[in-house]
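**Student:** Pasting a structure here, questions to come.
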Amino acid sequence: MIEVKQLVKSFGSLTVLKGVTLSVQEKEVVVLLGASGSGKSTLLRCLNFLEFYDDGEIWIGGEKIDPHKTNLNHFRENVGMVFQHFNLFPHKTVLENVIEAPVHVKGMKVAEAKELAYELLKKVNMHEKADVYPDMLSGGQKQRVAIARALAMKPKIMLFDEPTSALDPELVGEVLQVMKQLAKEGMTMIVVTHEMGFAREVADRAVFMHNGQILEQGPPSAFFENPQHERTKQFLGSIR
Amino acid sequence: MIIDIFLSSYPLFLKATWLTVQLTAVALLLGCIVGLVIAFFRISDSKLLNYFAHVYITVIRGTPLIVQICILYFGLANMVTLSQFWAGAIALAVHNGAYIAEIFRGSIQSIDRGQMEASRSLGMSYPLAMRRIILPQAFRRAIPSLGNQFIIGLKDSSLVAYVGMQDLWGAGLGEAASNYKQLETYMVVGMYYLGLIMLFTYFVNRLEARLARGRTPKKQGKGLNVAA
């Protein structure tokens with residue numbers, strides 16, 4: 001479903017991605033692991049063109065995405081993204097956050113969008129807070145709303161950029177729970193995370209990045225029990 | 001006595017106050033439009049627009065308002081037919097626009113990048129995200145500085161008296177020249193300005209309070225919530 005070929009991305013003189021090749025199947029859940037600065041977030045952000053890569057190709061659904069030809073706004077409707085810092089719209093209520101894009105991008109009727117929003121908020125167990133402003137919510141609640149907001153566009157792929165890294169430890173579980181549910185329903189997901197428990201339990205594949213390259217990848221069982229590279233062993237040792 | 005001056009001059013000064021209010025309102029409304037356009041020029045990717053905005057702001061902020069008013073009134077008014085009112089209003093709009101542009105630019109750029117990224121990731125175009133997500137937050141953040149600039153704008157409008165307009169200050173100058181009670185007359189004029197500005201400040205404060213409703217103060221010490 002997603003083919004990344006020899007992706008290269010630099011920020012000034014710093015090359016963050018040094019020829020990354022990765023393919024992700026439909027309904028697959030892939031976790032991207034690696035130390036900070038290894039390029040995993042940049043790779044994720046390239047996948048919905050929040051960053052433009054310098055070289056390489058991205059194919060999605062058998063179609064090569066050329067940022068100069070493809071309508072990126074339309075493309076992004078199909079790729080949901082969840083951010084580390086939630087990025088909810090603070091001047092809108094929870095419900096308004098969720099219906100914003102369906103109404104103003106897809107042109108959905110407000111009543112219809114609200115119905116959809118309630119359904120999604122129920123799914124992330126936030127329906128009781130529909131009329132509350134984001135400032136009133138805990139981090140975990142915000143992130144669950146952010147997931148509902150992304151799902152409201154009915155994306156085919158969901159990207160998660162360290163969705164639990166900004167949360168207090170006791171709030172991590174409720175967000176992972178929602179993500180697990182999503183994975184079970186067959187959503188194609190790419191998740192940058194430091195949650196090894198989630199990676200082991202939910203992921204179909206773990207991908208380890210180091211210095212802008214993919215060093216090692218495989219099913220979580222093999223990856224965690226029997227890492228091949230010295231650097232991978234080091235990384236897994238350090239976070240355990 | 002100051003009270004006598006007040007009583008004898010109020011028909012004239014009320015009329016003049018109305019002109020000052022009209023002039024300032026038109027000038028600041030236009031100034032906001034100019035300011036928003038220039039602010040967008042400043043943050044656009046186009047070098048040409050950046051440069052234009054930069055020159056505009058540098059020239060306008062770098063020259064006195066009285067000079068700008070006179071240039072517009074005696075210069076431009078010769079080329080195109082401009083009424084006294086519109087010459088004054090446009091000069092004030094051009095002047096305030098430069099300051100308002102910087103206020104808007106600052107408040108737009110103060111909105112966390114994540115807001116634009118989240119909007120774009122939902123499929124919103126740049127203009128749609130600007131209109132629906134960034135600007136409403138930026139306007140809210142701009143209100144205190146904008147209110148401040150409006151107060152300055154109202155007071156600066158007094159300079160149009162020097163191209164002959166009978167605004168509050170213009171009327172004051174005329175009145176003082178005819179009654180020879182400069183001190184009392186100028187104090188009365190000052191009170192009119194003070195009254196106008198106190199009234200205006202009251203409305204700005206109410207607006208600020210109204211926009212803050214439904215939103216709690218930021219939690220202390222966390223600092224992680226960039227969406228706030």
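By order in the structure tokens, chains are A, B, ...; within a chain, residues start at 1; ligands start at 1, following the order shown.
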Using only C-alpha atoms, find each residue in chain A having at least one atom no more than 10 Å away from chain B; report its shortest atom-to-atom pair and that distance in Å (one decimal), rows by chain then rising number, as CSV.
**Tutor:**
```
residue,atom,partner,partner_atom,distance
A:Arg45,CA,B:Ser121,CA,9.7
A:Asn48,CA,B:Ser121,CA,7.0
A:Phe49,CA,B:Ser121,CA,8.6
A:Leu50,CA,B:Glu117,CA,6.9
A:Asn71,CA,B:Gly123,CA,9.9
A:Leu72,CA,B:Gly123,CA,7.7
A:Asn73,CA,B:Gly123,CA,4.4
A:His74,CA,B:Gly123,CA,6.0
A:Phe75,CA,B:Gly123,CA,7.3
A:Arg76,CA,B:Gly123,CA,4.9
A:Glu77,CA,B:Gly123,CA,4.7
A:Asn78,CA,B:Gly123,CA,8.2
A:Val79,CA,B:Ser121,CA,7.4
A:Gly80,CA,B:Ser121,CA,6.5
A:Met81,CA,B:Ser121,CA,6.2
A:Val82,CA,B:Ala118,CA,8.1
A:Phe83,CA,B:Ala118,CA,7.9
A:Gln84,CA,B:Gly114,CA,9.7
A:His85,CA,B:Val226,CA,6.4
A:Phe86,CA,B:Ala227,CA,7.1
A:Asn87,CA,B:Ala227,CA,5.0
A:Leu88,CA,B:Ala227,CA,5.9
A:Phe89,CA,B:Ala227,CA,6.7
A:Pro90,CA,B:Ala228,CA,5.8
A:His91,CA,B:Gln137,CA,6.8
A:Lys92,CA,B:Ile133,CA,9.0
A:Thr93,CA,B:Gly214,CA,9.5
A:Glu100,CA,B:Arg132,CA,8.7
A:Ala101,CA,B:Leu122,CA,6.2
A:Pro102,CA,B:Leu122,CA,8.8
A:His104,CA,B:Met124,CA,7.9
A:Val105,CA,B:Met124,CA,6.0
A:Lys106,CA,B:Gly123,CA,8.9
A:Val132,CA,B:Gly214,CA,8.2
A:Tyr133,CA,B:Arg215,CA,6.6
A:Pro134,CA,B:Ala228,CA,7.9
A:Asp135,CA,B:Ala228,CA,6.4
A:Met136,CA,B:Thr216,CA,6.9
A:Ser138,CA,B:Asn225,CA,9.9
A:Gly139,CA,B:Asn225,CA,8.1
A:Lys142,CA,B:Asn225,CA,9.8
A:Ala146,CA,B:Ala118,CA,9.3
A:Arg149,CA,B:Leu122,CA,8.4
A:Ala150,CA,B:Leu122,CA,6.7
A:Leu151,CA,B:Leu122,CA,9.5
A:Ala152,CA,B:Leu122,CA,9.1
A:Met153,CA,B:Leu122,CA,7.1
A:Pro155,CA,B:Leu122,CA,9.3
A:Ala166,CA,B:Leu224,CA,6.9
A:Leu167,CA,B:Leu224,CA,9.0
```
**Student:** Report as a PyMOL selection string: the residues of region 2-44 of chain A with a DSSP assignment of strand (DSSP E), based on the backbone of this structure.
**Tutor:** chain A and resi 2-11+14-24+29-33
**Student:** Include C-alpha atoms and write out the residues we just selected as a short mmCIF file (atom, residue, chain, number, x, y, z; two decimals), in the first residue's frame.
**Tutor:**
```
data_model
loop_
_atom_site.label_atom_id
_atom_site.label_comp_id
_atom_site.auth_asym_id
_atom_site.auth_seq_id
_atom_site.Cartn_x
_atom_site.Cartn_y
_atom_site.Cartn_z
CA ILE A 2 2.86 2.36 0.80
CA GLU A 3 6.19 2.15 -1.01
CA VAL A 4 9.01 4.41 0.02
CA LYS A 5 12.01 4.26 -2.29
CA GLN A 6 15.44 5.69 -1.52
CA LEU A 7 14.10 8.70 0.32
CA VAL A 8 16.63 11.44 1.01
CA LYS A 9 15.94 14.52 3.10
CA SER A 10 18.31 17.21 4.35
CA PHE A 11 17.85 20.19 6.59
CA LEU A 14 22.31 17.92 7.93
CA THR A 15 21.13 14.87 6.06
CA VAL A 16 18.33 13.37 8.11
CA LEU A 17 17.19 10.63 5.75
CA LYS A 18 19.90 8.84 3.79
CA GLY A 19 18.05 6.71 1.30
CA VAL A 20 15.23 5.04 3.20
CA THR A 21 13.31 2.25 1.53
CA LEU A 22 10.26 0.84 3.21
CA SER A 23 7.07 -0.84 2.16
CA VAL A 24 3.94 -1.19 4.22
CA VAL A 29 0.82 -1.96 11.72
CA VAL A 30 4.43 -0.82 11.56
CA VAL A 31 6.28 0.76 14.44
CA LEU A 32 9.28 2.97 13.78
CA LEU A 33 11.84 2.78 16.53
#
```
**Student:** Please identify all polymer residues within 12 Å of Ser83 (chain B), counting only C-alpha atoms, omitting same-chain residues fewer than 5 positions from it, and present them as number ranges by chain.
**Tutor:** B: 72-74, 76-78, 88-90, 163-165
**Student:** What would the file look like if the residues just selected were written as an mmCIF file, in the first residue's frame with all heavy atoms?
**Tutor:**
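Saved as out-v3.cif:
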```
data_model
loop_
_atom_site.group_PDB
_atom_site.id
_atom_site.type_symbol
_atom_site.label_atom_id
_atom_site.label_comp_id
_atom_site.auth_asym_id
_atom_site.auth_seq_id
_atom_site.Cartn_x
_atom_site.Cartn_y
_atom_site.Cartn_z
ATOM 1 N N LEU B 72 0.281 63.886 1.699
ATOM 2 C CA LEU B 72 -0.936 63.363 1.087
ATOM 3 C C LEU B 72 -1.904 64.492 0.757
ATOM 4 O O LEU B 72 -2.509 64.530 -0.312
ATOM 5 C CB LEU B 72 -1.617 62.354 2.025
ATOM 6 C CG LEU B 72 -2.461 61.344 1.256
ATOM 7 C CD1 LEU B 72 -1.600 60.214 0.753
ATOM 8 C CD2 LEU B 72 -3.581 60.794 2.134
ATOM 9 N N TYR B 73 -2.033 65.432 1.686
ATOM 10 C CA TYR B 73 -3.032 66.487 1.514
ATOM 11 C C TYR B 73 -2.610 67.475 0.432
ATOM 12 O O TYR B 73 -3.406 67.826 -0.438
ATOM 13 C CB TYR B 73 -3.249 67.217 2.844
ATOM 14 C CG TYR B 73 -4.348 68.245 2.753
ATOM 15 C CD1 TYR B 73 -5.678 67.850 2.608
ATOM 16 C CD2 TYR B 73 -4.058 69.603 2.810
ATOM 17 C CE1 TYR B 73 -6.684 68.785 2.514
ATOM 18 C CE2 TYR B 73 -5.074 70.543 2.721
ATOM 19 C CZ TYR B 73 -6.381 70.131 2.574
ATOM 20 O OH TYR B 73 -7.384 71.053 2.489
ATOM 21 N N PHE B 74 -1.349 67.904 0.484
ATOM 22 C CA PHE B 74 -0.928 68.925 -0.487
ATOM 23 C C PHE B 74 -0.401 68.323 -1.768
ATOM 24 O O PHE B 74 -0.411 68.953 -2.809
ATOM 25 C CB PHE B 74 0.139 69.819 0.145
ATOM 26 C CG PHE B 74 -0.391 70.619 1.295
ATOM 27 C CD1 PHE B 74 -0.042 70.305 2.600
ATOM 28 C CD2 PHE B 74 -1.275 71.675 1.067
ATOM 29 C CE1 PHE B 74 -0.552 71.027 3.661
ATOM 30 C CE2 PHE B 74 -1.784 72.405 2.132
ATOM 31 C CZ PHE B 74 -1.427 72.078 3.439
ATOM 32 N N LEU B 76 -0.741 64.574 -3.056
ATOM 33 C CA LEU B 76 -1.621 63.644 -3.749
ATOM 34 C C LEU B 76 -2.964 64.293 -4.069
ATOM 35 O O LEU B 76 -3.551 64.040 -5.115
ATOM 36 C CB LEU B 76 -1.824 62.399 -2.879
ATOM 37 C CG LEU B 76 -2.133 61.107 -3.649
ATOM 38 C CD1 LEU B 76 -1.002 60.790 -4.614
ATOM 39 C CD2 LEU B 76 -2.349 59.971 -2.675
ATOM 40 N N ALA B 77 -3.414 65.143 -3.176
ATOM 41 C CA ALA B 77 -4.717 65.755 -3.376
ATOM 42 C C ALA B 77 -4.735 66.657 -4.618
ATOM 43 O O ALA B 77 -5.794 66.973 -5.150
ATOM 44 C CB ALA B 77 -5.124 66.551 -2.141
ATOM 45 N N ASN B 78 -3.545 67.034 -5.069
ATOM 46 C CA ASN B 78 -3.473 67.812 -6.307
ATOM 47 C C ASN B 78 -3.640 66.945 -7.539
ATOM 48 O O ASN B 78 -4.079 67.418 -8.583
ATOM 49 C CB ASN B 78 -2.138 68.560 -6.399
ATOM 50 C CG ASN B 78 -2.118 69.722 -5.410
ATOM 51 O OD1 ASN B 78 -3.168 70.187 -4.974
ATOM 52 N ND2 ASN B 78 -0.922 70.156 -5.057
ATOM 53 N N GLY B 88 -7.378 62.979 5.030
ATOM 54 C CA GLY B 88 -7.011 62.701 6.416
ATOM 55 C C GLY B 88 -7.152 61.225 6.747
ATOM 56 O O GLY B 88 -6.259 60.614 7.350
ATOM 57 N N ALA B 89 -8.274 60.642 6.359
ATOM 58 C CA ALA B 89 -8.551 59.242 6.689
ATOM 59 C C ALA B 89 -7.522 58.323 6.048
ATOM 60 O O ALA B 89 -7.022 57.393 6.680
ATOM 61 C CB ALA B 89 -9.956 58.864 6.231
ATOM 62 N N ILE B 90 -7.194 58.590 4.780
ATOM 63 C CA ILE B 90 -6.235 57.723 4.086
ATOM 64 C C ILE B 90 -4.841 57.866 4.693
ATOM 65 O O ILE B 90 -4.145 56.866 4.911
ATOM 66 C CB ILE B 90 -6.233 58.018 2.570
ATOM 67 C CG1 ILE B 90 -7.559 57.526 1.966
ATOM 68 C CG2 ILE B 90 -5.068 57.324 1.889
ATOM 69 C CD1 ILE B 90 -7.777 57.935 0.528
ATOM 70 N N VAL B 163 -4.047 70.397 8.665
ATOM 71 C CA VAL B 163 -4.423 70.655 7.273
ATOM 72 C C VAL B 163 -5.844 71.226 7.248
ATOM 73 O O VAL B 163 -6.546 71.115 6.249
ATOM 74 C CB VAL B 163 -4.303 69.399 6.372
ATOM 75 C CG1 VAL B 163 -2.832 69.027 6.204
ATOM 76 C CG2 VAL B 163 -5.101 68.228 6.921
ATOM 77 N N GLY B 164 -6.259 71.787 8.374
ATOM 78 C CA GLY B 164 -7.491 72.562 8.388
ATOM 79 C C GLY B 164 -8.756 71.829 8.758
ATOM 80 O O GLY B 164 -9.857 72.372 8.634
ATOM 81 N N MET B 165 -8.634 70.596 9.209
ATOM 82 C CA MET B 165 -9.872 69.887 9.571
ATOM 83 C C MET B 165 -10.387 70.353 10.921
ATOM 84 O O MET B 165 -9.623 70.598 11.843
ATOM 85 C CB MET B 165 -9.627 68.378 9.580
ATOM 86 C CG MET B 165 -9.746 67.774 8.199
ATOM 87 S SD MET B 165 -9.551 65.998 8.233
ATOM 88 C CE MET B 165 -11.210 65.513 8.644
#
```
**Student:** DSSP on the backbone, alpha helix (DSSP H) only: what residues of region 25-190 of chain A does that give? Format it as a count of residues only.
**Tutor:** 67
**Student:** When you draw a straight line from CA of Val26 (chain B) to CA of Leu135 (chain B), how long is it in Å?
**Tutor:**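 A separation of 22.1 Å between them.
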**Student:** Work out how far CA of Asn50 (chain B) is from CA of Met130 (chain B), in Å to one decimal.
**Tutor:**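 CA of Asn50 (chain B) lies at a distance of 18.3 Å from CA of Met130 (chain B).
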**Student:** Measuring atom to atom with only C-alpha atoms, identify which of A:Gln213, A:Met196, A:Glu119, A:Val124 is nearest to Gln181 (chain A).
**Tutor:** A:Val124
**Student:** If we count only C-alpha atoms and set the cut-off at 9 Å, which residues sit around Tyr192 (chain B), ignoring sequence neighbours fewer than 6 positions away in its own chain? Please answer as a PyMOL selection string.
**Tutor:** chain B and resi 13-14+17+168
**Student:** With N, CA and C atoms retained, export the selected residues as a PDB file, in the first residue's frame.
**Tutor:**
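File produced: part28.pdb:
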```
ATOM      1  N   PHE B  13     -17.731  71.419  20.257  1.00  0.00           N
ATOM      2  CA  PHE B  13     -16.849  70.278  20.521  1.00  0.00           C
ATOM      3  C   PHE B  13     -17.538  68.937  20.313  1.00  0.00           C
ATOM      4  N   LEU B  14     -18.836  68.865  20.557  1.00  0.00           N
ATOM      5  CA  LEU B  14     -19.531  67.600  20.294  1.00  0.00           C
ATOM      6  C   LEU B  14     -19.512  67.298  18.805  1.00  0.00           C
ATOM      7  N   THR B  17     -16.077  66.246  18.033  1.00  0.00           N
ATOM      8  CA  THR B  17     -15.831  64.884  18.529  1.00  0.00           C
ATOM      9  C   THR B  17     -16.376  63.868  17.546  1.00  0.00           C
ATOM     10  N   LEU B 168     -11.594  67.451  16.786  1.00  0.00           N
ATOM     11  CA  LEU B 168     -11.543  67.941  18.161  1.00  0.00           C
ATOM     12  C   LEU B 168     -10.410  68.947  18.374  1.00  0.00           C
TER      13      LEU B 168
END
```
**Student:** If you count only C-alpha atoms, which residues fall within 7 Å of Ser38 (chain A), apart from same-chain ones fewer than 4 positions away, as a list in words?
**Tutor:**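 Near neighbours after the sequence-gap exclusion: Gly34, Met209, His210, Asn211 and Gly212 of chain A.
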**Student:** Convert the current residue selection to file output with C-alpha atoms, as a PDB file, in the first residue's frame.
**Tutor:**
```pdb
ATOM      1  CA  GLY A  34      15.119   4.553  17.024  1.00  0.00           C
ATOM      2  CA  MET A 209      16.182   3.455  12.278  1.00  0.00           C
ATOM      3  CA  HIS A 210      19.647   4.731  12.948  1.00  0.00           C
ATOM      4  CA  ASN A 211      21.378   7.746  11.437  1.00  0.00           C
ATOM      5  CA  GLY A 212      18.798   8.273   8.733  1.00  0.00           C
TER       6      GLY A 212
END
```
**Student:** Please indicate the distance in Å from CA of Gly35 (chain B) to CA of Val67 (chain B), rounded to one decimal place.
**Tutor:**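 CA of Gly35 (chain B) sits 20.2 Å away from CA of Val67 (chain B).
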**Student:** Pick the closest to Ala111 (chain A) from A:Leu95, A:Ile147, A:Lys123, A:Met1: which is it, counting only C-alpha atoms?
**Tutor:**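 When distances to Ala111 (chain A) are compared using only C-alpha atoms, the smallest one comes from A:Leu95.
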**Student:** Write out as a list in words the residues lying within 10 Å of Ile60 (chain B), counting only C-alpha atoms and excluding same-chain residues fewer than 6 positions away.
**Tutor:**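 With the cut-off at 10 Å, the set is Gln68, Val94, His95, Asn96, Gly97, Ala98 and Tyr99 of chain B.
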**Student:** Fewer than 3 positions away in the same chain doesn't count, so skip those; otherwise give me all residues within 7 Å of region 142-145 of chain B, counting only C-alpha atoms, as a ChimeraX atom specification.
**Tutor:** /B:103-104,107,138-139,148-149
**Student:** Store the residues picked out above, limited to N, CA, C and O atoms, as a CSV table (one decimal), in the first residue's frame.
**Tutor:**
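That gives us again23.csv:
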```
chain,number,residue,atom,x,y,z
B,103,ILE,N,1.7,44.1,14.1
B,103,ILE,CA,0.9,43.5,15.2
B,103,ILE,C,0.3,42.1,14.7
B,103,ILE,O,0.5,41.1,15.3
B,104,PHE,N,-0.3,42.2,13.5
B,104,PHE,CA,-0.9,41.0,12.9
B,104,PHE,C,0.2,40.0,12.6
B,104,PHE,O,0.1,38.8,12.8
B,107,SER,N,1.3,38.3,15.7
B,107,SER,CA,0.3,37.4,16.3
B,107,SER,C,0.1,36.1,15.5
B,107,SER,O,-0.1,35.1,16.0
B,138,ALA,N,-5.1,34.2,16.0
B,138,ALA,CA,-4.2,35.3,15.9
B,138,ALA,C,-4.9,36.6,16.3
B,138,ALA,O,-4.4,37.4,17.0
B,139,PHE,N,-6.1,36.8,15.8
B,139,PHE,CA,-6.9,38.0,16.1
B,139,PHE,C,-7.1,38.1,17.6
B,139,PHE,O,-6.9,39.2,18.2
B,148,ASN,N,-4.3,49.0,21.9
B,148,ASN,CA,-3.3,50.0,22.2
B,148,ASN,C,-3.0,50.9,21.0
B,148,ASN,O,-3.0,52.1,21.1
B,149,GLN,N,-2.9,50.2,19.8
B,149,GLN,CA,-2.6,50.9,18.6
B,149,GLN,C,-3.8,51.8,18.2
B,149,GLN,O,-3.7,52.9,17.7
```
